[in-house]
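Report on the structure given below.
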Amino acid sequence: MAAAPALKHWRTTLERVEKFVSPLYFTDCNLRGRLFGDSCPVVELSSFLTPERLPYQEAVQQNFRPAQVGDSFGPTWWTCWFRVELTIPEAWVGQEVHLRWESDGEGLVWRDGEPVQGLTKEGEKTSYVLTDKLGEEDPRSLTLYVEVACNGLLGAGKGPMIAAPDPEKMFQVSRAELAVFHRDVHKLLVDLELLLGMAKGLGEDNQRSYQALYTANQMVNVCDPAQPETFPVAQALASKFFGQRGGESQHTIHALGHCHIDTAWLWPFKETVRKCARSWVTVVQLMERNPEFIFACSQAQQLAWVKSHYPGLYARLQEFACRGQFVPVGGTWVEMDGNLPSGEAMVRQFLQGQNFFLQEFGKMCSEFWLPDTFGYSAQLPQIMRSCGIRHFLTQKLSWNLVNSFPHHTFFWEGLDGSRVLAHFPPGDSYGMQGSVEEVLKTVAKNRDKGRTNHSAFLFGFGDGGGGPTQTMVDRLKRLCNTDGLPRVQLSSPERLFSALEGHSGQLCTWVGELFLELHNGTYTTHAQIKKGNRECERILHDVELLSSLALARSAQFPYPATQLQDLWRLLLLNQFHDVVTGSCIQLVAEEAMCHYEDIRSRGNTLLITAAAALCSGEPGPEGLLIVNTLPWKRTEVLTLPRPGGAHCLAPPPRPEYGSWKVEGGCADAQASSPALVTVPSMGYAPAPTPTSLQPLLPQQPVFVVQETDGSVTLDNGIIRVRLDPTGRLTSLVLVASGREAIAEGAVGNQFVLFDDVPLYWDAWDVMDYHLETRKPVLGQAGTLAVGTEGGVRGTTWFQLQISPNSRLSQEVVLDVGCPYVRFHTEVHWHEAHKFLKVEFPARVRSPQATFEVQFGHLQRPTHYNTSWDWARFEVWAHRWMDLSEHGFGLALLNDCKYGASVRGGVISLSLLRAPKSPDATVDMGRHEFTYALMPHNGSFQDAGVIPAAYSLNFPLLALPVPGPAPAASWSAFSVSSPAVVLETVKQAETSLQGRKLVLRLYEAHGSHVDCWLHTSLPVQEAVLCDFLERRDPAGRLPLQDRRLKLSFSPFQVQSLLLVLQPAPS
Ligand SMILES: [Zn+2]
C-alpha cells in the first residue's frame, strides 16, 4: 500500500533525488551505481608506442608488448596503440555489452581495419558498445585496437588550459574491461536529471517546477535500484510528465549536433586530422542509432583530410549527407578569422569551400557558419551573398567584454548594403550538452523575444572536437514537447533559417562591422605570421595576374591552376581563426612559417616562369622585365640589381642593419642602384639602361641635409620631413601648401611601450588599462645619420634602445616623386608582457578616423564618448588608416601590420606584443616591417592614399627573363576611374584548360561611379559573374573599342568573366 502523502521540504526533496543519480555519493545503493552490471577484464592487452602518427595498416604490423591497466605512456604528442583481445562471457547472452575504456589522451577504436568510435574521458565517451544485445550465435571473441594520442581534447598545457604544452607529460590507461550495460537504468537517469533540471531551473515560484520535483521524488519512491522489475513504474511516471504538452505559443529550439574542431590551436594540424576522425566516426554511430539526429559539419579542409586519410569513414559521411543527417555547413575552406584576411582571400575561402562541398556532397552551403571567430568584417555580407549564401550563424559576440550585443536574430547589413539573415544561438555557446538549464537560457537570454519564436541550440563537445553523445541526444529527444519548457526539435540549419525567415518582417537590422570587444591583441600577436600572410596574399595576386597575362598572350603557356589551388589552400588554411590571429602554440606557428615559406618559394618560381612566357618572342636585349601588378601607371624608384649581380625579386633590398657600423650605412650599395622607372598599368616596361637612369626632370631630386644640431631634413619637393637627432619626427610639411601635419609641440614616430597583462587570454587580449601604462621610448641624441645623400632617394637612419633587452633600428626613406615617407624598421624584441606601438600626433581634428578593410574602408570614432566607442580602444585595419579634417589629412600606411588606434589626434600603429601563452616564445627575436606616412590635401580618396598603400604593399617587380626582354612597355588592363580598383585577374576555375579569365573589381572610394575598363587582351566575350564565377544571365557586357563600361555603387565588388579569343598559334 502506498505511503500517505507527506509534507515535502523543497531542498531535501531535491537533494534526495540528486543523491539517487549521483556518480559520487551512495553509488553502492543508488541508481547510478547500477548503470553497469557484471564486468570482466579483457583477455589480453598489449601496446606499441610511437612518436609518429602512423596509419592503421602500418601501426598494427608493429611489435606490440604486453601491457596492463595502470601503465603509463607518453610523452606529449606521441601515440600509444593498444591491441585489445576480448571474449564476452557466454552468460551475458541477451545483454547489452560495452568495452569500458578510460585513459588520458584521446582514443580511437578500430575494428576490422576501420575506425568505429572515439573514446575520450573529457568528451564523456568512455565506453564502446560491443553489442546492443548479445545473441546466442554471435561471435564472442574479437580483437580491437585503440589508438591513443598523447594529448587531451585541448592539447597538453602545463597547468591552465592555454599554457604552453608540457613536452614531458605522461598518460595513463586506468580502465579496460567488459561490462553489461543497463539501458533501462540509463533512461531513468536521463529522466531524473531532466526533472531535477526543471525543478531547479524553473524555481520555487513555478508550478511546473513542483510537478517535476514531485514526479522525480515519486520515481525514487517506486524505484528499487536492485530490482529492475520496479523500473517500468518509474518510467511510466516520467513518461506521463514529459507527455504533458505545452501550448501553441511555445518557443521552438532547433537542436543541431555540432563539434567545433579548431583546425590547429593547442595542437598541431596533423593532430586535427585525427580529431576529425575520432569525432565524426562517433557522429556516424549516433546517426545510425538515431535517424532523427542531424549533425552540422563545417570546414572543407577537415573533410578533405578525412577523405584522404580515412576513405571508409568519408564514404559513410557522404552516405549520411545523402540522407540529410550529415549536413556540411559554412561554405568556407576553414573557419577563418573574420578581420585579417584580405577581401580576395575571403572570397577564396568560399570559392574553395563551396566548390568542394558541391563536388563532394552535391550541393553548396546556404549558410555561413563561423561560431568562434574574433569579429566580423563589414564586407562579409556582400561576400556571402555573391557566394550563394543568405544566412549567417555565430555566437562569439556573446564574449563582448563591455557591451552586450542587442540581437540574436537580425539582418546584418554590410558596407555596400548587402543583407544577410544572422542568428546567434541565444544560449551563447556552440558546445551545449542538452541540459534543461541551457534550454531555459536559450529562451530567457534571447534578445529578440517577441520578434521570432525560434532559436538554434548547438550541442556537442567542441573546440578540441569530441562532439555530441548519446546522452545529449536522449535528453533533447525527451524534451520534444513538454509543458514548462520550449519545444525541442532535432533540426537542420535549413529548417532553422527557414523558420527565422518566416518572421523576417519583425527583425531589426545591424549595419556595419560586428566588432568583438575582446581578443583585440590578435591583430598584433605573432608578427611573423601576419607578415607571412600579407606577403603571400601579394605573391598569389602577382602570380595569378602574370600567369593570366601569359595565358592570354601565349598559346603554349600552361596556366598553373593546380599549383595555384594548392598554394591558395595553404594560405587559406593558415587564415584559420587560431593561426593568423597568433593564438596558437609554437608548434603550429612553426608549421605556419613553413607553409608561408613554401608559398614564397613556389610562388616566386611561378612568377619567373610567367614573366618568361610573357616575353617570349619579344625582340630586345636580354635581361630584366619591370612589372607593375597594380591597375594604374606607376613612376617609382626601384632598386635594380647591377648587371651581373643577383636578380632581385620584390621587395627591394634593404640595408643590412647588422653592418651599420660601415660608414654611410647602406652596405649593399655596391650590389644595387636605385632608379626611377615608369611602368604602365598591369603591365611591364623594359628595365632602364644605365644611360636612361639619370633624367629626373621635371621631378625635383631628393635633398638630404643634416643640421649642426644633428637633426636631418629630407625634402623631395612634395613633402619635407624633419627628424630630431634621436629619430623622432618634428615636422612633416606638404611643400606646396606649407601645411604642417605634426601637431604643434608634439613629435611623431614616437615609439611607446605599454605593460600588457590581460586578465586571462594572454595571446588574445589587450585590455583597456594598458593605455594607462604608456612609456615613451627616448633615444640618444647623435644617433641619427645620413644614409643615401639624395638624388632619386634620400635616407637617414638611427638606432634606438627600447629597453635593456630590446633594440630597434630604422631607415627613413624619401624617394623622388613619392608622396609618402617610409620607415624601414628592424626590431630585436626580447620582452615579457610588453606592447610596442609607434605614435603620430597629427595636426588634424576629426571625431572619426578611417580604416581600410576588405574591399573598402570604414570610420570609427576617435573619442570615447560611449561604452561602444571606448570598447574600440584597439581596432584592426589593413594597409592604411587616415585621419582627415576638411581639406587636409594624414594617412599611415603599413606593409604587414593590422592593429591600430586613433584617439584624439594621435594615430598609433601596433607593432609587437610579448604574450607568453599559449606560445612562450611568440614574437621573440628579429622583426622587419615598414610603415609610411602620407600627409595630403583634400580627401584621402582624391589624394591617392589608396593607391599609395597598394604601392607600398605591391612593389614593382624586377624579374629576370631568360631570352630577350621586350623593348617597349605594355599594359593589359586599366580602369578610367581612380575610385575603381581592379584587384584580381585569374583564370576561371570552371575552365582549367580554357582561355577564360575572371576579373574582380571594387569601388574603393565609397561612391556611385561609372567607369571604363580598357584591355589590350584579345577578349571575345565579357559577362558579369558572381564570386563563384557563375555567369549572371543578364550580365553580358558589350565590348566597344577594347573597352567595357561598368557601373558601381559604394564599395560594390564585381566579378567579370572574360572569354579570350583562341590563342595565336
Ligand atoms: Zn575555434
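All residue names refer to the C-alpha cells as shown: chains lettered A, B, ... in order, residues numbered from 1 in each chain, ligands numbered from 1 in order.
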
* Pick out each residue of range 520-569 of chain A that DSSP on the backbone tags as alpha helix (DSSP H); I need them as a ChimeraX atom specification. => /A:527-553,561-569

Just to be explicit: take each residue in the selection above, keep N, CA, C and O atoms, and write the result as a tab-separated table (two decimals), in the first residue's frame.
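Output contents, as saved in out_37.tsv:
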```tsv
chain	number	residue	atom	x	y	z
A	527	ALA	N	53.82	38.51	-35.09
A	527	ALA	CA	54.07	39.40	-36.22
A	527	ALA	C	54.55	38.66	-37.46
A	527	ALA	O	54.24	39.06	-38.59
A	528	GLN	N	55.31	37.57	-37.27
A	528	GLN	CA	55.82	36.86	-38.46
A	528	GLN	C	54.71	36.16	-39.22
A	528	GLN	O	54.76	36.05	-40.45
A	529	ILE	N	53.72	35.68	-38.51
A	529	ILE	CA	52.58	35.05	-39.19
A	529	ILE	C	51.82	36.12	-39.96
A	529	ILE	O	51.45	35.92	-41.13
A	530	LYS	N	51.63	37.26	-39.33
A	530	LYS	CA	50.92	38.35	-40.02
A	530	LYS	C	51.67	38.75	-41.29
A	530	LYS	O	51.09	38.98	-42.35
A	531	LYS	N	52.99	38.86	-41.16
A	531	LYS	CA	53.80	39.26	-42.32
A	531	LYS	C	53.73	38.19	-43.40
A	531	LYS	O	53.60	38.51	-44.59
A	532	GLY	N	53.82	36.94	-42.99
A	532	GLY	CA	53.71	35.84	-43.96
A	532	GLY	C	52.38	35.90	-44.68
A	532	GLY	O	52.30	35.72	-45.90
A	533	ASN	N	51.34	36.17	-43.94
A	533	ASN	CA	50.01	36.24	-44.54
A	533	ASN	C	49.92	37.35	-45.58
A	533	ASN	O	49.50	37.14	-46.71
A	534	ARG	N	50.38	38.54	-45.20
A	534	ARG	CA	50.30	39.68	-46.13
A	534	ARG	C	51.15	39.42	-47.37
A	534	ARG	O	50.71	39.66	-48.50
A	535	GLU	N	52.38	38.94	-47.16
A	535	GLU	CA	53.28	38.69	-48.30
A	535	GLU	C	52.71	37.64	-49.23
A	535	GLU	O	52.80	37.76	-50.46
A	536	CYS	N	52.17	36.60	-48.65
A	536	CYS	CA	51.68	35.50	-49.50
A	536	CYS	C	50.41	35.90	-50.24
A	536	CYS	O	50.20	35.47	-51.37
A	537	GLU	N	49.59	36.75	-49.63
A	537	GLU	CA	48.44	37.29	-50.37
A	537	GLU	C	48.94	38.06	-51.60
A	537	GLU	O	48.38	37.95	-52.69
A	538	ARG	N	50.03	38.83	-51.40
A	538	ARG	CA	50.59	39.59	-52.53
A	538	ARG	C	51.15	38.66	-53.60
A	538	ARG	O	50.89	38.83	-54.80
A	539	ILE	N	51.92	37.66	-53.16
A	539	ILE	CA	52.57	36.77	-54.13
A	539	ILE	C	51.51	36.06	-54.99
A	539	ILE	O	51.63	36.01	-56.22
A	540	LEU	N	50.46	35.57	-54.35
A	540	LEU	CA	49.45	34.84	-55.13
A	540	LEU	C	48.72	35.80	-56.08
A	540	LEU	O	48.38	35.42	-57.21
A	541	HIS	N	48.52	37.03	-55.63
A	541	HIS	CA	47.93	38.04	-56.52
A	541	HIS	C	48.81	38.23	-57.76
A	541	HIS	O	48.34	38.21	-58.91
A	542	ASP	N	50.09	38.41	-57.52
A	542	ASP	CA	51.01	38.68	-58.62
A	542	ASP	C	51.14	37.47	-59.56
A	542	ASP	O	51.17	37.62	-60.78
A	543	VAL	N	51.22	36.29	-58.96
A	543	VAL	CA	51.36	35.08	-59.80
A	543	VAL	C	50.12	34.92	-60.67
A	543	VAL	O	50.23	34.63	-61.87
A	544	GLU	N	48.95	35.12	-60.10
A	544	GLU	CA	47.72	34.95	-60.89
A	544	GLU	C	47.64	35.96	-62.02
A	544	GLU	O	47.27	35.61	-63.14
A	545	LEU	N	48.01	37.19	-61.71
A	545	LEU	CA	47.95	38.21	-62.76
A	545	LEU	C	48.91	37.86	-63.89
A	545	LEU	O	48.53	37.80	-65.07
A	546	LEU	N	50.19	37.63	-63.55
A	546	LEU	CA	51.18	37.38	-64.60
A	546	LEU	C	50.85	36.11	-65.38
A	546	LEU	O	51.03	36.05	-66.60
A	547	SER	N	50.37	35.09	-64.66
A	547	SER	CA	50.03	33.84	-65.35
A	547	SER	C	48.85	34.06	-66.30
A	547	SER	O	48.80	33.49	-67.39
A	548	SER	N	47.91	34.89	-65.89
A	548	SER	CA	46.75	35.19	-66.75
A	548	SER	C	47.20	35.93	-68.01
A	548	SER	O	46.74	35.64	-69.12
A	549	LEU	N	48.10	36.89	-67.82
A	549	LEU	CA	48.59	37.65	-68.98
A	549	LEU	C	49.37	36.74	-69.92
A	549	LEU	O	49.25	36.83	-71.15
A	550	ALA	N	50.16	35.84	-69.32
A	550	ALA	CA	50.93	34.90	-70.14
A	550	ALA	C	49.98	33.98	-70.91
A	550	ALA	O	50.18	33.70	-72.09
A	551	LEU	N	48.91	33.55	-70.24
A	551	LEU	CA	47.92	32.69	-70.89
A	551	LEU	C	47.28	33.42	-72.08
A	551	LEU	O	47.09	32.85	-73.15
A	552	ALA	N	46.99	34.70	-71.87
A	552	ALA	CA	46.33	35.47	-72.94
A	552	ALA	C	47.25	35.68	-74.13
A	552	ALA	O	46.80	35.77	-75.26
A	553	ARG	N	48.54	35.76	-73.86
A	553	ARG	CA	49.48	36.13	-74.94
A	553	ARG	C	50.19	34.95	-75.57
A	553	ARG	O	50.81	35.10	-76.62
A	561	ALA	N	47.16	26.08	-62.75
A	561	ALA	CA	45.93	26.07	-61.96
A	561	ALA	C	46.05	25.17	-60.73
A	561	ALA	O	45.63	25.55	-59.63
A	562	THR	N	46.60	23.98	-60.91
A	562	THR	CA	46.67	23.04	-59.79
A	562	THR	C	47.61	23.57	-58.71
A	562	THR	O	47.30	23.52	-57.52
A	563	GLN	N	48.75	24.08	-59.17
A	563	GLN	CA	49.71	24.63	-58.18
A	563	GLN	C	49.10	25.80	-57.44
A	563	GLN	O	49.27	25.93	-56.23
A	564	LEU	N	48.40	26.65	-58.17
A	564	LEU	CA	47.80	27.81	-57.50
A	564	LEU	C	46.71	27.38	-56.52
A	564	LEU	O	46.57	27.96	-55.45
A	565	GLN	N	45.97	26.35	-56.89
A	565	GLN	CA	44.96	25.86	-55.95
A	565	GLN	C	45.64	25.36	-54.66
A	565	GLN	O	45.19	25.67	-53.55
A	566	ASP	N	46.73	24.62	-54.82
A	566	ASP	CA	47.48	24.14	-53.63
A	566	ASP	C	47.93	25.31	-52.77
A	566	ASP	O	47.80	25.29	-51.55
A	567	LEU	N	48.52	26.31	-53.43
A	567	LEU	CA	49.09	27.43	-52.67
A	567	LEU	C	47.99	28.24	-52.00
A	567	LEU	O	48.13	28.67	-50.86
A	568	TRP	N	46.90	28.45	-52.71
A	568	TRP	CA	45.78	29.18	-52.10
A	568	TRP	C	45.25	28.42	-50.89
A	568	TRP	O	45.00	29.00	-49.83
A	569	ARG	N	45.10	27.12	-51.06
A	569	ARG	CA	44.57	26.33	-49.94
A	569	ARG	C	45.49	26.40	-48.73
A	569	ARG	O	45.04	26.41	-47.59
```

* **Selection within 7 Å of ligand 1 by only C-alpha atoms and all ligand atoms, output as number ranges by chain** => A: 260-262, 372-373, 463, 577-578

Give me the residues of range 447-524 of chain A that have any atom at most 8 Å from an atom of range 762-783 of chain A; for each, the nearest atom pair and the distance in Å, rounded to one decimal. Use only C-alpha atoms, sort by chain and number, and format it as JSON lines.
```
{"residue": "A:Leu518", "atom": "CA", "partner": "A:Asp765", "partner_atom": "CA", "distance": 6.2}
{"residue": "A:His519", "atom": "CA", "partner": "A:Asp765", "partner_atom": "CA", "distance": 4.3}
{"residue": "A:Asn520", "atom": "CA", "partner": "A:Asp765", "partner_atom": "CA", "distance": 5.5}
{"residue": "A:Gly521", "atom": "CA", "partner": "A:Asp765", "partner_atom": "CA", "distance": 4.7}
{"residue": "A:Thr522", "atom": "CA", "partner": "A:Trp764", "partner_atom": "CA", "distance": 5.0}
```

Go ahead and save the residues from that selection, with C-alpha atoms, as an mmCIF file, in the first residue's frame.
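Result written to out02.cif:
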```
data_model
loop_
_atom_site.group_PDB
_atom_site.id
_atom_site.type_symbol
_atom_site.label_atom_id
_atom_site.label_comp_id
_atom_site.auth_asym_id
_atom_site.auth_seq_id
_atom_site.Cartn_x
_atom_site.Cartn_y
_atom_site.Cartn_z
ATOM 1 C CA LEU A 518 37.721 41.202 -26.755
ATOM 2 C CA HIS A 519 40.743 39.461 -28.290
ATOM 3 C CA ASN A 520 41.995 42.754 -29.792
ATOM 4 C CA GLY A 521 45.556 41.565 -29.232
ATOM 5 C CA THR A 522 45.111 39.067 -32.054
#
```

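Shortest atom-to-atom contact with Phe457 in chain A among A:Gln433, A:His526, A:Ala555, A:His254: A:His254, counting only C-alpha atoms.
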
* **Shell around Arg807 in chain A at 9 Å using only C-alpha atoms, local window under 6 positions removed, as a ChimeraX atom specification** => /A:799-801,826-830

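By only C-alpha atoms, and with residues fewer than 6 positions from Asn221 in chain A along its chain excluded, the set lying at most 10 Å from it is Ala2, Ala3, Val17, Thr215 and Ala234 of chain A.
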
* Based on DSSP run over this structure's backbone, return all residues of range 105-305 of chain A in strand (DSSP E), as a count of residues only. => 47

* List the neighbours of range 890-900 of chain A out to 7 Å using only C-alpha atoms; skip same-chain residues closer than 3 positions along the sequence, and give me the result as a PyMOL selection string. => chain A and resi 523-524+530-531+534+741+842+874-884+908-911+929-936+945+949+952-953

* Asked: Could you name the residues that touch Leu956 in chain A at 12 Å or less, counting only C-alpha atoms, but leaving out those on the same chain fewer than 4 positions away, as a PyMOL selection string?
  -> chain A and resi 538+542+625-630+632-640+648-652+675-685+687+950-952

Include C-alpha atoms and write out the residues we just selected as an mmCIF file, in the first residue's frame.
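Contents of the output file result-v5.cif:
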```cif
data_model
loop_
_atom_site.group_PDB
_atom_site.id
_atom_site.type_symbol
_atom_site.label_atom_id
_atom_site.label_comp_id
_atom_site.auth_asym_id
_atom_site.auth_seq_id
_atom_site.Cartn_x
_atom_site.Cartn_y
_atom_site.Cartn_z
ATOM 1 C CA ARG A 538 50.589 39.591 -52.529
ATOM 2 C CA ASP A 542 51.011 38.681 -58.625
ATOM 3 C CA LEU A 625 61.491 42.908 -67.013
ATOM 4 C CA ILE A 626 59.965 45.552 -64.775
ATOM 5 C CA VAL A 627 56.438 44.531 -63.893
ATOM 6 C CA ASN A 628 53.631 46.538 -62.350
ATOM 7 C CA THR A 629 50.885 44.287 -60.998
ATOM 8 C CA LEU A 630 48.629 47.183 -59.974
ATOM 9 C CA TRP A 632 47.398 52.142 -62.562
ATOM 10 C CA LYS A 633 50.530 53.597 -64.104
ATOM 11 C CA ARG A 634 53.369 53.970 -61.607
ATOM 12 C CA THR A 635 56.524 56.024 -61.597
ATOM 13 C CA GLU A 636 58.639 54.869 -58.706
ATOM 14 C CA VAL A 637 62.160 54.367 -57.529
ATOM 15 C CA LEU A 638 63.146 50.757 -57.801
ATOM 16 C CA THR A 639 66.344 49.177 -56.614
ATOM 17 C CA LEU A 640 67.768 47.337 -59.597
ATOM 18 C CA CYS A 648 66.090 40.758 -57.256
ATOM 19 C CA LEU A 649 62.563 39.803 -56.602
ATOM 20 C CA ALA A 650 60.453 42.303 -54.748
ATOM 21 C CA PRO A 651 60.621 43.794 -52.218
ATOM 22 C CA PRO A 652 63.742 45.823 -52.951
ATOM 23 C CA ALA A 675 66.462 54.018 -60.454
ATOM 24 C CA LEU A 676 63.314 55.879 -61.342
ATOM 25 C CA VAL A 677 61.111 53.790 -63.620
ATOM 26 C CA THR A 678 57.688 54.211 -65.160
ATOM 27 C CA VAL A 679 55.575 51.141 -65.750
ATOM 28 C CA PRO A 680 52.079 51.159 -67.222
ATOM 29 C CA SER A 681 49.019 49.775 -65.502
ATOM 30 C CA MET A 682 49.016 45.984 -65.046
ATOM 31 C CA GLY A 683 51.857 45.657 -67.475
ATOM 32 C CA TYR A 684 55.558 45.885 -67.914
ATOM 33 C CA ALA A 685 58.364 48.102 -69.045
ATOM 34 C CA ALA A 687 64.482 47.770 -67.455
ATOM 35 C CA TYR A 950 48.806 49.428 -52.645
ATOM 36 C CA SER A 951 52.199 50.578 -53.939
ATOM 37 C CA LEU A 952 53.799 50.067 -50.560
#
```

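Using only C-alpha atoms for every distance, the candidate list A:Asp709, A:Glu292, A:Glu229, A:Asp448 yields A:Asp448 as the residue closest to Leu507 in chain A.
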
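The shortest atom-to-atom distance to Gly257 in chain A, with only C-alpha atoms taken into account, belongs to A:Val327 out of A:Val327, A:Ala943, A:Ile608, A:Ala785.
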
* Mind checking which residues fall within 6 Å of range 173-175 of chain A, counting only C-alpha atoms, ignoring those fewer than 5 positions away in the same chain, and posting them as a ChimeraX atom specification? => /A:69-71,101-103

Just N, CA, C and O atoms for this one: save the residues we selected as a short mmCIF file (atom, residue, chain, number, x, y, z; two decimals), in the first residue's frame.
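Written file, selection-v9.cif:
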```
data_model
loop_
_atom_site.label_atom_id
_atom_site.label_comp_id
_atom_site.auth_asym_id
_atom_site.auth_seq_id
_atom_site.Cartn_x
_atom_site.Cartn_y
_atom_site.Cartn_z
N VAL A 69 46.38 -2.44 -17.30
CA VAL A 69 45.72 -1.26 -16.78
C VAL A 69 46.61 -0.64 -15.70
O VAL A 69 47.17 -1.37 -14.87
N GLY A 70 46.77 0.64 -15.74
CA GLY A 70 47.66 1.33 -14.80
C GLY A 70 48.97 1.74 -15.46
O GLY A 70 49.69 2.58 -14.92
N ASP A 71 49.26 1.20 -16.64
CA ASP A 71 50.51 1.55 -17.34
C ASP A 71 50.50 3.03 -17.75
O ASP A 71 49.47 3.60 -18.08
N TRP A 101 36.49 1.88 -21.39
CA TRP A 101 37.89 2.27 -21.58
C TRP A 101 38.09 3.66 -21.00
O TRP A 101 37.40 4.60 -21.37
N GLU A 102 38.99 3.78 -20.08
CA GLU A 102 39.33 5.10 -19.58
C GLU A 102 40.83 5.28 -19.63
O GLU A 102 41.58 4.48 -19.08
N SER A 103 41.24 6.30 -20.32
CA SER A 103 42.66 6.64 -20.35
C SER A 103 42.77 8.14 -20.51
O SER A 103 41.82 8.80 -20.92
#
```

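The space separating CA of Ser455 in chain A from CA of Gly375 in chain A comes to 21.4 Å.
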
* Structure fact -> Using only C-alpha atoms, the residue out of A:Leu178, A:Ala163, A:Leu35, A:Leu858 with shortest distance to Trp761 in chain A is A:Ala163

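CA of Val902 in chain A lies 9.4 Å from CA of Pro841 in chain A.
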
* Structure fact -> Across A:Pro915, A:Gly107, A:Pro115, A:Gly427, the smallest distance to Thr525 in chain A, with only C-alpha atoms counted, is shown by A:Pro915

* To do: Point out the residue among A:Arg16, A:His98, A:Val812, A:Leu753 with the least atom-to-atom distance to Arg722 in chain A, counting only C-alpha atoms.
  => A:Val812
